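Asker: Structure: model34.txt, compact mmCIF, C-alpha atoms.
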```txt
# COMPACT_ATOMS: atom_id res chain seq x y z
CA ASN A 1 240.22 68.59 55.53
CA GLN A 2 238.95 66.16 58.14
CA SER A 3 241.74 67.15 60.55
CA ALA A 4 240.84 70.83 60.04
CA ASN A 5 237.25 70.03 60.98
CA GLN A 6 238.43 68.11 64.04
CA SER A 7 240.54 71.10 65.13
CA ALA A 8 237.57 73.40 64.68
CA ASP A 9 235.44 71.02 66.76
CA LEU A 10 238.05 71.01 69.54
CA ALA A 11 238.55 74.76 69.64
CA PRO A 12 235.23 75.64 71.36
CA SER A 13 235.73 72.84 73.88
CA SER A 14 239.26 73.97 74.62
CA ALA A 15 238.12 77.58 74.97
CA ALA A 16 235.21 76.54 77.19
CA GLY A 17 237.51 74.35 79.28
CA ALA A 18 239.99 77.20 79.70
CA GLU A 19 237.17 79.56 80.69
CA LEU A 20 235.86 77.09 83.27
CA ALA A 21 239.35 76.56 84.71
CA PHE A 22 239.84 80.33 84.93
CA SER A 23 236.46 80.72 86.68
CA ILE A 24 237.31 78.04 89.24
CA GLU A 25 240.70 79.66 89.86
CA LYS A 26 239.04 83.05 90.46
CA LEU A 27 236.49 81.45 92.80
CA MET A 28 239.26 79.76 94.79
CA HIS A 29 240.92 83.12 95.48
CA ALA A 30 237.76 85.14 96.11
CA GLN A 31 237.35 86.67 99.54
CA GLY A 32 234.21 86.99 101.66
CA SER A 33 230.87 86.86 99.87
CA ASP A 34 232.66 87.13 96.50
CA GLY A 35 233.42 83.42 96.98
CA CYS A 36 229.75 82.52 97.35
CA LEU A 37 227.47 81.08 94.74
CA ILE A 38 224.38 83.27 95.08
CA GLU A 39 221.27 82.53 93.03
CA PRO A 40 218.72 85.35 93.48
CA GLY A 41 215.09 84.40 92.95
CA LEU A 42 215.65 80.70 93.65
CA LYS A 43 214.61 78.62 96.64
CA TYR A 44 216.59 75.41 97.14
CA ALA A 45 214.83 72.25 98.30
CA PHE A 46 216.45 69.55 100.41
CA ALA A 47 215.64 65.83 100.58
CA SER A 48 216.94 65.31 104.08
CA THR A 49 216.95 67.14 107.35
CA ASP A 50 219.69 64.92 108.78
CA GLY A 51 222.54 66.71 110.44
CA PRO A 52 222.70 70.20 111.82
CA SER A 53 220.81 73.15 110.43
CA GLN A 54 220.38 76.61 111.81
CA ASP A 55 217.92 79.44 111.23
CA VAL A 56 219.28 82.92 111.80
CA GLY A 57 216.82 85.81 111.90
CA GLY A 58 217.62 89.43 111.19
CA ILE A 59 220.09 88.89 108.34
CA THR A 60 218.97 91.43 105.75
CA ASP A 61 221.42 90.54 102.95
CA SER A 62 221.91 87.22 101.15
CA ARG A 63 225.68 87.83 101.01
CA VAL A 64 225.79 87.93 104.81
CA CYS A 65 223.78 84.69 104.90
CA CYS A 66 226.39 83.04 102.68
CA ARG A 67 229.23 84.30 104.88
CA ALA A 68 227.39 82.82 107.90
CA CYS A 69 227.30 79.47 106.07
CA MET A 70 231.01 79.70 105.22
CA GLY A 71 231.67 80.14 108.96
CA LYS A 72 230.21 76.70 109.78
CA ASP A 73 232.21 73.59 108.81
CA TRP A 74 229.01 71.57 108.43
CA CYS A 75 227.14 74.06 106.20
CA LYS A 76 226.72 72.86 102.59
CA ALA A 77 224.03 75.30 101.38
CA TRP A 78 221.84 78.16 102.51
CA VAL A 79 218.48 79.75 101.76
CA TRP A 80 217.67 83.40 102.53
CA THR A 81 214.24 85.00 102.45
CA GLN A 82 213.26 88.65 102.76
CA TRP A 83 210.28 87.77 104.94
CA SER A 84 209.51 84.83 107.17
CA SER A 85 206.41 84.69 109.32
CA LYS A 86 208.43 82.46 111.67
CA VAL A 87 210.65 85.37 112.73
CA LYS A 88 208.54 88.23 111.33
CA GLY A 89 211.43 89.44 109.19
CA PRO A 90 214.29 88.20 107.05
CA LEU A 91 215.57 84.68 107.68
CA CYS A 92 218.79 82.87 106.77
CA SER A 93 218.60 79.06 106.91
CA LEU A 94 221.91 77.20 106.98
CA LYS A 95 221.73 73.59 105.78
CA SER A 96 224.04 70.62 106.31
CA SER A 97 223.05 68.87 103.08
CA ARG A 98 223.29 69.85 99.44
CA PRO A 99 220.12 70.88 97.66
CA THR A 100 218.25 68.34 95.57
CA SER A 101 216.35 70.87 93.47
CA SER A 102 215.42 74.51 93.19
CA LYS A 103 212.43 76.54 92.09
CA ALA A 104 211.82 80.15 91.19
CA ALA A 105 210.62 82.11 94.21
CA GLY A 106 210.37 85.86 94.62
CA GLY A 107 211.96 87.22 97.77
CA PHE A 108 214.39 84.32 98.07
CA ALA A 109 218.04 83.74 97.30
CA SER A 110 219.89 80.46 97.73
CA GLY A 111 223.44 79.40 97.32
CA LEU A 112 226.51 77.42 98.18
CA PRO A 113 229.49 78.38 100.29
CA GLN A 114 232.80 78.78 98.48
CA ASN A 115 234.21 75.30 99.18
CA VAL A 116 231.05 73.54 98.01
CA ALA A 117 230.74 75.81 94.94
CA ILE A 118 234.31 74.88 93.96
CA GLU A 119 233.60 71.15 94.42
CA GLU A 120 230.44 71.43 92.29
CA ALA A 121 232.26 73.36 89.55
CA ARG A 122 235.13 70.84 89.44
CA ALA A 123 232.66 67.95 89.22
CA LYS A 124 230.85 69.62 86.29
CA VAL A 125 234.15 70.27 84.51
CA ALA A 126 235.19 66.63 84.97
CA ALA A 127 231.79 65.37 83.80
CA ALA A 128 232.07 67.55 80.68
CA GLY A 129 235.46 66.03 79.94
CA PHE A 130 237.54 69.20 80.24
```
Have the structure of the file written as C-alpha cells, please.

Answerer:
Amino acid sequence: NQSANQSADLAPSSAAGAELAFSIEKLMHAQGSDGCLIEPGLKYAFASTDGPSQDVGGITDSRVCCRACMGKDWCKAWVWTQWSSKVKGPLCSLKSSRPTSSKAAGGFASGLPQNVAIEEARAKVAAAGF
C-alpha cells in the first residue's frame, strides 16, 4: 500500500510538471504579443537603473509596449501606464534589468518579453524539481 501512496503522491507532480512543460512549449512558439508575460494592474519596481532604459510616449496598449521591449536586445522588462504626467498621456518604460518586486497599481501593466518569460518559467520549473 505504501507504493500506491507514493504513486498517488507523484501523480499531481507529474501532471503539474507536464502542464508546465506544455505551457513553456506554447510560450516558445507564440508570436507577437502572445509571447509576452503581461500582468495587468501591477507595477514592477527595479533595484538598479544601470544600463539602458527608454521611455516611449503615446503607446496606448500594453501589448504594444511588450512588443517594443521584445524589439530591443537589452530589454528585460517593461512597465506601461495609462497616464503619465511626464508625457501627459500613456507611457511605456523599457527596462534593462529584471524587476525586484511588484505592487498592485490601477492603470498600470507590467511584464516580461518572451525570452525573459521563458527563462523565468524554466528556472521555476527547475527549482520545483520537475

Asker: Excluding same-chain residues fewer than 6 positions from segment 79-83 of chain A, what lies within 12 Å of it counting only C-alpha atoms, as a PyMOL selection string?

Answerer: chain A and resi 37-46+53-69+89-99+102-103+105-113

Asker: Quote the spacing between atom CA of Gln114 of chain A and atom CA of Thr100 of chain A in Å to one decimal place.

Answerer: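 Value for the atom CA of Gln114 of chain A-atom CA of Thr100 of chain A distance: 18.1 Å.
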
Asker: Between atom CA of Lys72 of chain A and atom CA of Ile118 of chain A, what is the distance, to one decimal in Å?

Answerer: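 Taking atom CA of Lys72 of chain A as the start and atom CA of Ile118 of chain A as the end point, the length is 16.4 Å.
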
Asker: Could you give me the axis-aligned bounding box of segment 53-70 of chain A, with 4 Å of padding per side, as centre plus edge lengths in Å to one decimal, as lines of an AutoDock Vina configuration file?

Answerer:
```
center_x = 223.9
center_y = 82.3
center_z = 106.5
size_x = 22.2
size_y = 26.3
size_z = 18.9
```

Asker: Got a minute to add N, CA and C atoms to segment 56-83 of chain A and dump it as an mmCIF file, in the coordinates of the input?

Answerer:
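As a result, out.cif now contains:
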```
data_model
loop_
_atom_site.group_PDB
_atom_site.id
_atom_site.type_symbol
_atom_site.label_atom_id
_atom_site.label_comp_id
_atom_site.auth_asym_id
_atom_site.auth_seq_id
_atom_site.Cartn_x
_atom_site.Cartn_y
_atom_site.Cartn_z
ATOM 1 N N VAL A 56 218.766 81.697 111.216
ATOM 2 C CA VAL A 56 219.280 82.920 111.800
ATOM 3 C C VAL A 56 218.406 84.074 111.326
ATOM 4 N N GLY A 57 217.680 84.685 112.248
ATOM 5 C CA GLY A 57 216.820 85.810 111.900
ATOM 6 C C GLY A 57 217.606 87.109 111.868
ATOM 7 N N GLY A 58 217.034 88.099 111.200
ATOM 8 C CA GLY A 58 217.620 89.430 111.190
ATOM 9 C C GLY A 58 218.703 89.676 110.169
ATOM 10 N N ILE A 59 219.078 88.685 109.388
ATOM 11 C CA ILE A 59 220.090 88.890 108.340
ATOM 12 C C ILE A 59 219.373 89.471 107.131
ATOM 13 N N THR A 60 219.712 90.692 106.783
ATOM 14 C CA THR A 60 218.970 91.430 105.750
ATOM 15 C C THR A 60 219.619 91.356 104.369
ATOM 16 N N ASP A 61 220.696 90.608 104.219
ATOM 17 C CA ASP A 61 221.420 90.540 102.950
ATOM 18 C C ASP A 61 221.842 89.100 102.678
ATOM 19 N N SER A 62 221.564 88.609 101.481
ATOM 20 C CA SER A 62 221.910 87.220 101.150
ATOM 21 C C SER A 62 223.417 86.977 101.208
ATOM 22 N N ARG A 63 224.223 87.994 100.942
ATOM 23 C CA ARG A 63 225.680 87.830 101.010
ATOM 24 C C ARG A 63 226.128 87.548 102.448
ATOM 25 N N VAL A 64 225.470 88.166 103.405
ATOM 26 C CA VAL A 64 225.790 87.930 104.810
ATOM 27 C C VAL A 64 225.354 86.516 105.202
ATOM 28 N N CYS A 65 224.241 86.059 104.654
ATOM 29 C CA CYS A 65 223.780 84.690 104.900
ATOM 30 C C CYS A 65 224.829 83.693 104.401
ATOM 31 N N CYS A 66 225.371 83.934 103.213
ATOM 32 C CA CYS A 66 226.390 83.040 102.680
ATOM 33 C C CYS A 66 227.639 83.055 103.553
ATOM 34 N N ARG A 67 228.045 84.223 104.000
ATOM 35 C CA ARG A 67 229.230 84.300 104.880
ATOM 36 C C ARG A 67 228.974 83.537 106.178
ATOM 37 N N ALA A 68 227.737 83.587 106.689
ATOM 38 C CA ALA A 68 227.390 82.820 107.900
ATOM 39 C C ALA A 68 227.560 81.332 107.627
ATOM 40 N N CYS A 69 227.150 80.882 106.447
ATOM 41 C CA CYS A 69 227.300 79.470 106.070
ATOM 42 C C CYS A 69 228.785 79.107 105.978
ATOM 43 N N MET A 70 229.573 79.986 105.367
ATOM 44 C CA MET A 70 231.010 79.700 105.220
ATOM 45 C C MET A 70 231.697 79.614 106.579
ATOM 46 N N GLY A 71 231.095 80.189 107.613
ATOM 47 C CA GLY A 71 231.670 80.140 108.960
ATOM 48 C C GLY A 71 231.355 78.857 109.715
ATOM 49 N N LYS A 72 230.574 77.974 109.134
ATOM 50 C CA LYS A 72 230.210 76.700 109.780
ATOM 51 C C LYS A 72 230.773 75.548 108.942
ATOM 52 N N ASP A 73 231.605 74.715 109.538
ATOM 53 C CA ASP A 73 232.210 73.590 108.810
ATOM 54 C C ASP A 73 231.164 72.658 108.205
ATOM 55 N N TRP A 74 230.025 72.520 108.859
ATOM 56 C CA TRP A 74 229.010 71.570 108.430
ATOM 57 C C TRP A 74 228.071 72.135 107.358
ATOM 58 N N CYS A 75 228.108 73.432 107.099
ATOM 59 C CA CYS A 75 227.140 74.060 106.200
ATOM 60 C C CYS A 75 227.488 73.787 104.737
ATOM 61 N N LYS A 76 226.534 73.220 104.005
ATOM 62 C CA LYS A 76 226.720 72.860 102.590
ATOM 63 C C LYS A 76 225.884 73.720 101.649
ATOM 64 N N ALA A 77 224.899 74.441 102.196
ATOM 65 C CA ALA A 77 224.030 75.300 101.380
ATOM 66 C C ALA A 77 223.250 76.212 102.309
ATOM 67 N N TRP A 78 222.631 77.223 101.729
ATOM 68 C CA TRP A 78 221.840 78.160 102.510
ATOM 69 C C TRP A 78 220.676 78.678 101.677
ATOM 70 N N VAL A 79 219.653 79.131 102.388
ATOM 71 C CA VAL A 79 218.480 79.750 101.760
ATOM 72 C C VAL A 79 218.161 81.000 102.572
ATOM 73 N N TRP A 80 217.996 82.123 101.878
ATOM 74 C CA TRP A 80 217.670 83.400 102.530
ATOM 75 C C TRP A 80 216.337 83.890 101.991
ATOM 76 N N THR A 81 215.503 84.407 102.868
ATOM 77 C CA THR A 81 214.240 85.000 102.450
ATOM 78 C C THR A 81 214.098 86.391 103.057
ATOM 79 N N GLN A 82 213.481 87.282 102.291
ATOM 80 C CA GLN A 82 213.260 88.650 102.760
ATOM 81 C C GLN A 82 212.262 88.706 103.912
ATOM 82 N N TRP A 83 211.304 87.755 103.909
ATOM 83 C CA TRP A 83 210.280 87.770 104.940
ATOM 84 C C TRP A 83 209.896 86.347 105.334
#
```
